[in-house]
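Reading through the structure tokens given below for one structure.
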Amino acid sequence: MPERGWHTDCVERPLSGLLRVLGSWVGAQPWPFLLLPLGLAGLLGCGLVFVPERETNDLETQFTPVDGPAKAERRFVQEHFPTDDGQAFSGQRLATLGTYATLLAVAADQESLLTGAALAEVLALDKAVRGIRSDGQAFTDLCARQRGACAQPNPLLPWLRGDPRRLQALLPNLTFPLFQGSLFLGFALGGVTLGPGQEPARPVRAARALRLLYFLQEDRDDLRLASRRWLQTFLDTIPALLGSLKLASVRVAYFTSISRQKEFEKLAKDVIPLVSAAYLLTILFSILSCSRLDNVRTKVWVAIFGVMSSGLSVVSSFGLLLFCGVPFVITAANSPFLILGIGIDDMFILVSCWQRTQVKESIKDRMADTYAEAAMSVTITSLTNVLAFYIGIATSFPSVQSFCIYTGTAFIFCFIYNLTFLGAVLALNGKREESNRHWLTFRKVELHDSQGSLYRMCCTGGSFNESTGTEYEHPMNQFFKKHYGPFFMNRWVKIFVVILYAIYLTSSIIGCIHVEEGIDLRNVATDDSYLIPYYDFEDEHFTRYGPRVMVVVTDSVEYWDPSVRENIENCMKALESSRFVDKTLSESWLRIYQTVAKHMSLDINNRNVFIGNLSALFTLNPDYKWDINLKPTEILASRFFIQTIHVASAVDEKNLLNELRAFAADCKVPMIINHPAFVHFDQFLVIIQNTIQNVLIATGAMLLISLLLIPNPLCSLWVTFAIVSVIIGVSGFMSFWGINLDSISMINLVICIGFSVDYSAHISYAFVSSEKPTVNEKAVDALYRLGYPILQAAFSTLVGVFVLSQASTYVFRTSFKIIFLVIMFGLAHGIIFIPVFLTLFKSCG
């Protein structure tokens with residue numbers, strides 16, 4: 001190879017030599033290289049029997065940050081404020097979301113649900129739900145209790161006392177959101193129309209929706225299991241129950257605390273036919289693209305076994321990791337689609353290089369030449385892909401960790417099997433070609449025959465280009481050589497490409513600025529799930545009031561000290577100043593106690609008086625007992641409540657969490673804020689940081705590999721540039737396609753790193769390796785050698801993942817969208833931008 005500017009082939013040259021030797025071994029003795037991978041895959045594949053044991057699809061565990069602050073805050077609340085679901089249940093005081101079933105009843109006539117007919121149906125619905133039995137246990141046996149009775153599913157039901165006619169007496173006095181001075185109806189009534197009055201107790205004129213919320217006990221393990229069984233029975237029977245009630249005045253949607261998890265677990269069943277369809281379509285596409293009219297030179301068997309090689313990689317990696325006890329999450333089900341795409345990419349490159357070898361040479365020499373040219377390019381992309389995914393294991397999301405370790409390991413097997421199993425198939429296919437045997441019958445055929453054209457089409461073959469000694473090239477190779485490559489080397493076309501890239505980059509950056517964060521939990525359900533109407537009703541009628549947030553004083557402070565009480569009050573006022581908080585709906589036992597003490601003329605600046613008279617506060621409201629962790633001489637911790645409002649989107653949830661935590665951090669008293677939903681909100685704090693961290697580390701590592709294996713430093717930088725550019729493009733166009741940045745799309749951005757390096761690395765390595773004298777000729781030569789294999793690889797991947805676009809779930813549709821963007825942008829960089837940019841810097845040549 002002639003001297004070319006800066007040259008760094010100290011790793012590339014010996015490695016290329018080793019791969020040439022491997023190719024000659026495979027060509028000389030293909031059977032061991034064929035049978036050993038089959039045996040290994042069969043052995044490791046036995047680990048797939050452990051899938052049911054290793055499957056861990058708990059939504060909270062997998063899709064929230066491992067070390068999220070809300071988890072530590074929740075542990076503190078659970079330790080210091082125990083609950084008693086059997087006697088003193090309080091929904092707002094739960095440290096978790098609780099165990100419950102809920103129904104949303106919406107007026108069918110678009111007017112108001114506060115009519116006798118509608119409330120009669122609501123009462124009938126309530127009675128029917130209470131009558132559901134599971135394993136002989138009724139709702140009343142398992143319900144969360146307040147003062148000896150089941151907690152009411154809606155605070156208005158006790159006022160009706162089972163008789164909708166009492167509505168006429170209730171309605172003139174009904175106010176919202178506070179009723180009777182302290183009863184909060186924000187979660188109970190939705191779509192409310194209010195009359196003139198003073199907040200927070202304006203008279204109600206109409207209400208479109210009403211919520212029924214049935215909490216069950218979960219304090220003990222036996223009760224928790226029994227409650228979950230009741231919820232499952234509820235889900236099984238509620239459709240038929242709603243049908244039997246023949247509701248005319250209301251429409252009903254339902255949901256339970258186990259619904260999201262149940263729906264998410266169903267995704268695993270949906271992916272099996274998708275994977276099967278993807279492999280079938282990819283096999284068909286590969287066969288078509290590798291087929292020739294020549295019945296000897298056609299590569300049908302190579303195409304079939306090339307897809308099989310990718311399948312063996314998935315079986316081997318999944319089996320090995322399951323044997324080792326690595327958790328299996330549904331996100332790892334995306335791995336076969338990716339492995340299939342990359343594996344087919346490598347196959348097309350091997351076939352392309354094989355076709356340029358001398359037909360009359362021995363199989364051993366042809367395989368050596370094939371590996372010397374192709375295997376180095378395959379090695380670069382395989383190493384970078386493995387590195388990208390193993391770096392992804394460092395993320396905070398277990399779902400991403402699982403995907404990355406399964407996919408990264410599959411890439412290792414894919415690389416090994418492509419150079420052994422697939423190479424052996426290529427060599428055996430070469431032996432068949434050498435003896436001029438038919439691809440299907442394996443019988444020797446004539447090169448030409450005097451019989452009819454149909455016979456010649458089906459039963460002859462073995463021709464090759466005698467002037468070059470190689471197989472006849474595919475017309476697409478000639479297209480890239482004679483038309484496509486020279487067209488893009490025109491100066492004006494290069495200027496147009498640079499302008500086009502500037503438009504692409506500008507659009508992408510604008511999209512990145514507007515991309516939204518966070519997973520919408522409705523997206524774990526299928527499109528036809530019963531969850532969707534529930535979410536729709538909730539979004540339409542119950543978005544005004546958000547979570548009721550705990551404000552927890554975490555240390556034992558001297559509440560009897562006026563300055564401490566002043567500091568606590570200042571903290572509460574700071575929190576209430578947030579645009580997401582309604583200060584008229586806060587609840588503070590300390591404020592009430594100070595009012596009580598003033599009426600009773602108590603000197604609560606004295607420790608003994610303060611602690612000794614708390615019983616008066618508990619007499620006024622027994623629930624306050626659960627807000628104070630009281631010891632004989634001190635208060636270890638206490639909590640207050642604030643009511644959030646207008647938290648309607650993922651952006652609002654992020655801003656709410658950041659604002660409240662900032663106020664709490666600035667408080668002079670040690671304080672945290674907590675709500676069970678904050679465990680999911682925590683993803684907003686780390687999703688961008690994790691994504692940027694993974695991308696930067698992976699890109700840096702890939703730059704290092706490119707510098708070592710591509711013998712020109714500047715061209716290695718162009719490969720790194722392509723990775724960053726494609727990631728920016730995909731991230732930006734995600735927002736245009738309505739995709740949020742969440743753990744699902746983060747997985748696909750890791751995929752983006754892998755795909756984006758493939759096409760650009762192949763072209764860059766071919767450019768550097770070319771012995772043509774000028775940069776323009778080098779670019780044309782690189783496109784001639786690898787343009788069509790890259791095109792084949794891109795479209796075979798798109799064919800394979802196209803089935804994901806037909807999925808009825810957000811998870812798989814998002815995967816399709818992002819992989820589609822990655823393939824299209826990666827392809828554009830590989831065969832348009834990078835070839836042009838390489839020619840603009842002559843030192844790359």
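Ligands are numbered from 1 in the order shown, chains are lettered A, B, ... in the order of the structure tokens, and residues start at 1 in each chain.
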Among stretch 340-468 of chain A, which ones does DSSP place in helix (DSSP H, G or I), written as an MDAnalysis selection string?
chainID A and resid 340:355 363:394 398:434 453:459
Name all residues at most 9 Å from A:Thr633 (count only C-alpha atoms; drop same-chain ones fewer than 6 positions away) and give them as number ranges by chain.
A: 607-608, 611
Keeping only all heavy atoms, write the selected residues as a tab-separated table (two decimals), in the first residue's frame.
chain	number	residue	atom	x	y	z
A	607	ARG	N	-41.53	22.81	76.31
A	607	ARG	CA	-41.48	21.46	75.77
A	607	ARG	C	-42.58	20.57	76.35
A	607	ARG	O	-43.32	19.91	75.61
A	607	ARG	CB	-40.11	20.82	76.04
A	607	ARG	CG	-40.02	19.36	75.55
A	607	ARG	CD	-38.92	18.57	76.32
A	607	ARG	NE	-37.61	19.08	76.04
A	607	ARG	CZ	-36.73	18.50	75.23
A	607	ARG	NH1	-37.07	17.40	74.60
A	607	ARG	NH2	-35.54	19.02	75.05
A	608	ASN	N	-42.70	20.54	77.66
A	608	ASN	CA	-43.66	19.63	78.30
A	608	ASN	C	-45.10	19.99	77.92
A	608	ASN	O	-45.93	19.11	77.70
A	608	ASN	CB	-43.47	19.66	79.81
A	608	ASN	CG	-42.13	19.08	80.23
A	608	ASN	OD1	-41.58	18.22	79.54
A	608	ASN	ND2	-41.59	19.56	81.35
A	611	ILE	N	-45.69	18.97	74.11
A	611	ILE	CA	-45.88	17.53	73.88
A	611	ILE	C	-47.07	17.00	74.68
A	611	ILE	O	-47.84	16.18	74.19
A	611	ILE	CB	-44.58	16.78	74.23
A	611	ILE	CG1	-43.47	17.17	73.23
A	611	ILE	CG2	-44.80	15.27	74.22
A	611	ILE	CD1	-42.13	16.53	73.49
Separation of atom CA of A:Asn655 from atom CA of A:Phe678, in Å and rounded to one decimal
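Atom CA of A:Phe678 lies at a distance of 11.9 Å from atom CA of A:Asn655.
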Å distance separating atom CA of A:Tyr765 from atom CA of A:Leu707, one decimal place
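Atom CA of A:Tyr765 sits 11.0 Å away from atom CA of A:Leu707.
Minimum atom-to-atom distance to A:Val581, evaluated using only C-alpha atoms, belongs to A:Val647 out of A:Cys353, A:Ala597, A:Leu709, A:Val647.
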Of the listed residues A:Ile739, A:Val425, A:Ala138, A:Ile405, that which approaches A:Val329 most closely, counting only C-alpha atoms
A:Ile405
Just list the residues in stretch 658-776 of chain A DSSP gives strand (DSSP E) on the backbone, as a PyMOL selection string.
chain A and resi 671-674
Could you turn the residues from that selection into a file that holds N, CA and C atoms, as a PDB file, in the first residue's frame?
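What follows is the written file again_4.pdb:
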ATOM      1  N   MET A 671     -35.673  19.115  55.558  1.00  0.00           N
ATOM      2  CA  MET A 671     -37.004  18.839  55.018  1.00  0.00           C
ATOM      3  C   MET A 671     -36.880  18.135  53.671  1.00  0.00           C
ATOM      4  N   ILE A 672     -37.825  17.223  53.423  1.00  0.00           N
ATOM      5  CA  ILE A 672     -37.940  16.595  52.110  1.00  0.00           C
ATOM      6  C   ILE A 672     -39.397  16.692  51.663  1.00  0.00           C
ATOM      7  N   ILE A 673     -39.601  16.570  50.347  1.00  0.00           N
ATOM      8  CA  ILE A 673     -40.965  16.477  49.821  1.00  0.00           C
ATOM      9  C   ILE A 673     -41.112  15.102  49.181  1.00  0.00           C
ATOM     10  N   ASN A 674     -42.307  14.536  49.287  1.00  0.00           N
ATOM     11  CA  ASN A 674     -42.484  13.171  48.796  1.00  0.00           C
ATOM     12  C   ASN A 674     -43.909  12.911  48.345  1.00  0.00           C
TER      13      ASN A 674
END
If we count only C-alpha atoms and set the cut-off at 10 Å, which residues sit around A:Pro37, ignoring sequence neighbours fewer than 4 positions away in its own chain? Please answer as a ChimeraX atom specification.
/A:32-33,41-43,309,312-313,316,413,416-418,420-422
Closest atom pairs, residues of stretch 249-333 of chain A within 10 Å of stretch 794-799 of chain A, only C-alpha atoms, as JSON lines:
{"residue": "A:Ala277", "atom": "CA", "partner": "A:Val799", "partner_atom": "CA", "distance": 9.9}
{"residue": "A:Ala278", "atom": "CA", "partner": "A:Val799", "partner_atom": "CA", "distance": 7.3}
{"residue": "A:Tyr279", "atom": "CA", "partner": "A:Val799", "partner_atom": "CA", "distance": 9.3}
{"residue": "A:Leu280", "atom": "CA", "partner": "A:Val799", "partner_atom": "CA", "distance": 9.8}
{"residue": "A:Leu281", "atom": "CA", "partner": "A:Val799", "partner_atom": "CA", "distance": 6.4}
{"residue": "A:Thr282", "atom": "CA", "partner": "A:Ser796", "partner_atom": "CA", "distance": 5.8}
{"residue": "A:Ile283", "atom": "CA", "partner": "A:Ser796", "partner_atom": "CA", "distance": 8.7}
{"residue": "A:Leu284", "atom": "CA", "partner": "A:Ser796", "partner_atom": "CA", "distance": 9.3}
{"residue": "A:Phe285", "atom": "CA", "partner": "A:Ser796", "partner_atom": "CA", "distance": 6.2}
{"residue": "A:Ser286", "atom": "CA", "partner": "A:Ser796", "partner_atom": "CA", "distance": 6.8}
{"residue": "A:Ser289", "atom": "CA", "partner": "A:Ser796", "partner_atom": "CA", "distance": 9.1}
Quick one, how far is atom CA of A:Met550 from atom CA of A:Thr193?
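Taking atom CA of A:Met550 as the start and atom CA of A:Thr193 as the end point, the length is 28.7 Å.
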Applying 9 Å and only C-alpha atoms, which residues near A:Ser249 remain after dropping the ones on its own chain fewer than 6 positions away? List them as a ChimeraX atom specification.
/A:106-109,113,117-119,121
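Non-sequential neighbours of A:Leu804 (distance at most 6 Å, separation of 6 or more positions within a chain, only C-alpha atoms) are A:Phe812, A:Arg813, A:Phe816.
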Can those selected residues be exported to a file as a tab-separated table (two decimals), in the first residue's frame so that it contains all heavy atoms?
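Output contents, as saved in out00.tsv:
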chain	number	residue	atom	x	y	z
A	812	PHE	N	-42.81	-0.87	20.90
A	812	PHE	CA	-42.26	-1.39	19.66
A	812	PHE	C	-42.40	-0.39	18.51
A	812	PHE	O	-41.55	-0.33	17.63
A	812	PHE	CB	-42.93	-2.72	19.31
A	812	PHE	CG	-42.62	-3.80	20.31
A	812	PHE	CD1	-43.63	-4.46	20.98
A	812	PHE	CD2	-41.32	-4.14	20.60
A	812	PHE	CE1	-43.35	-5.44	21.91
A	812	PHE	CE2	-41.02	-5.11	21.53
A	812	PHE	CZ	-42.03	-5.77	22.19
A	813	ARG	N	-43.45	0.41	18.52
A	813	ARG	CA	-43.57	1.44	17.48
A	813	ARG	C	-42.47	2.48	17.62
A	813	ARG	O	-41.92	2.97	16.62
A	813	ARG	CB	-44.94	2.10	17.53
A	813	ARG	CG	-46.07	1.27	16.97
A	813	ARG	CD	-47.27	2.16	16.62
A	813	ARG	NE	-47.73	2.92	17.76
A	813	ARG	CZ	-48.59	2.49	18.67
A	813	ARG	NH1	-49.09	1.28	18.57
A	813	ARG	NH2	-48.96	3.26	19.67
A	816	PHE	N	-39.37	1.09	16.15
A	816	PHE	CA	-39.37	1.19	14.69
A	816	PHE	C	-39.03	2.61	14.24
A	816	PHE	O	-38.20	2.82	13.35
A	816	PHE	CB	-40.73	0.79	14.12
A	816	PHE	CG	-40.91	1.21	12.69
A	816	PHE	CD1	-40.26	0.55	11.67
A	816	PHE	CD2	-41.70	2.31	12.37
A	816	PHE	CE1	-40.39	0.96	10.35
A	816	PHE	CE2	-41.85	2.73	11.06
A	816	PHE	CZ	-41.18	2.04	10.04
Choose the residue, out of A:Asn173, A:Thr384, A:Gln355, A:Met734, that has the smallest atom-to-atom separation from A:Thr468; count only C-alpha atoms.
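Closest to A:Thr468, using only C-alpha atoms: A:Gln355.
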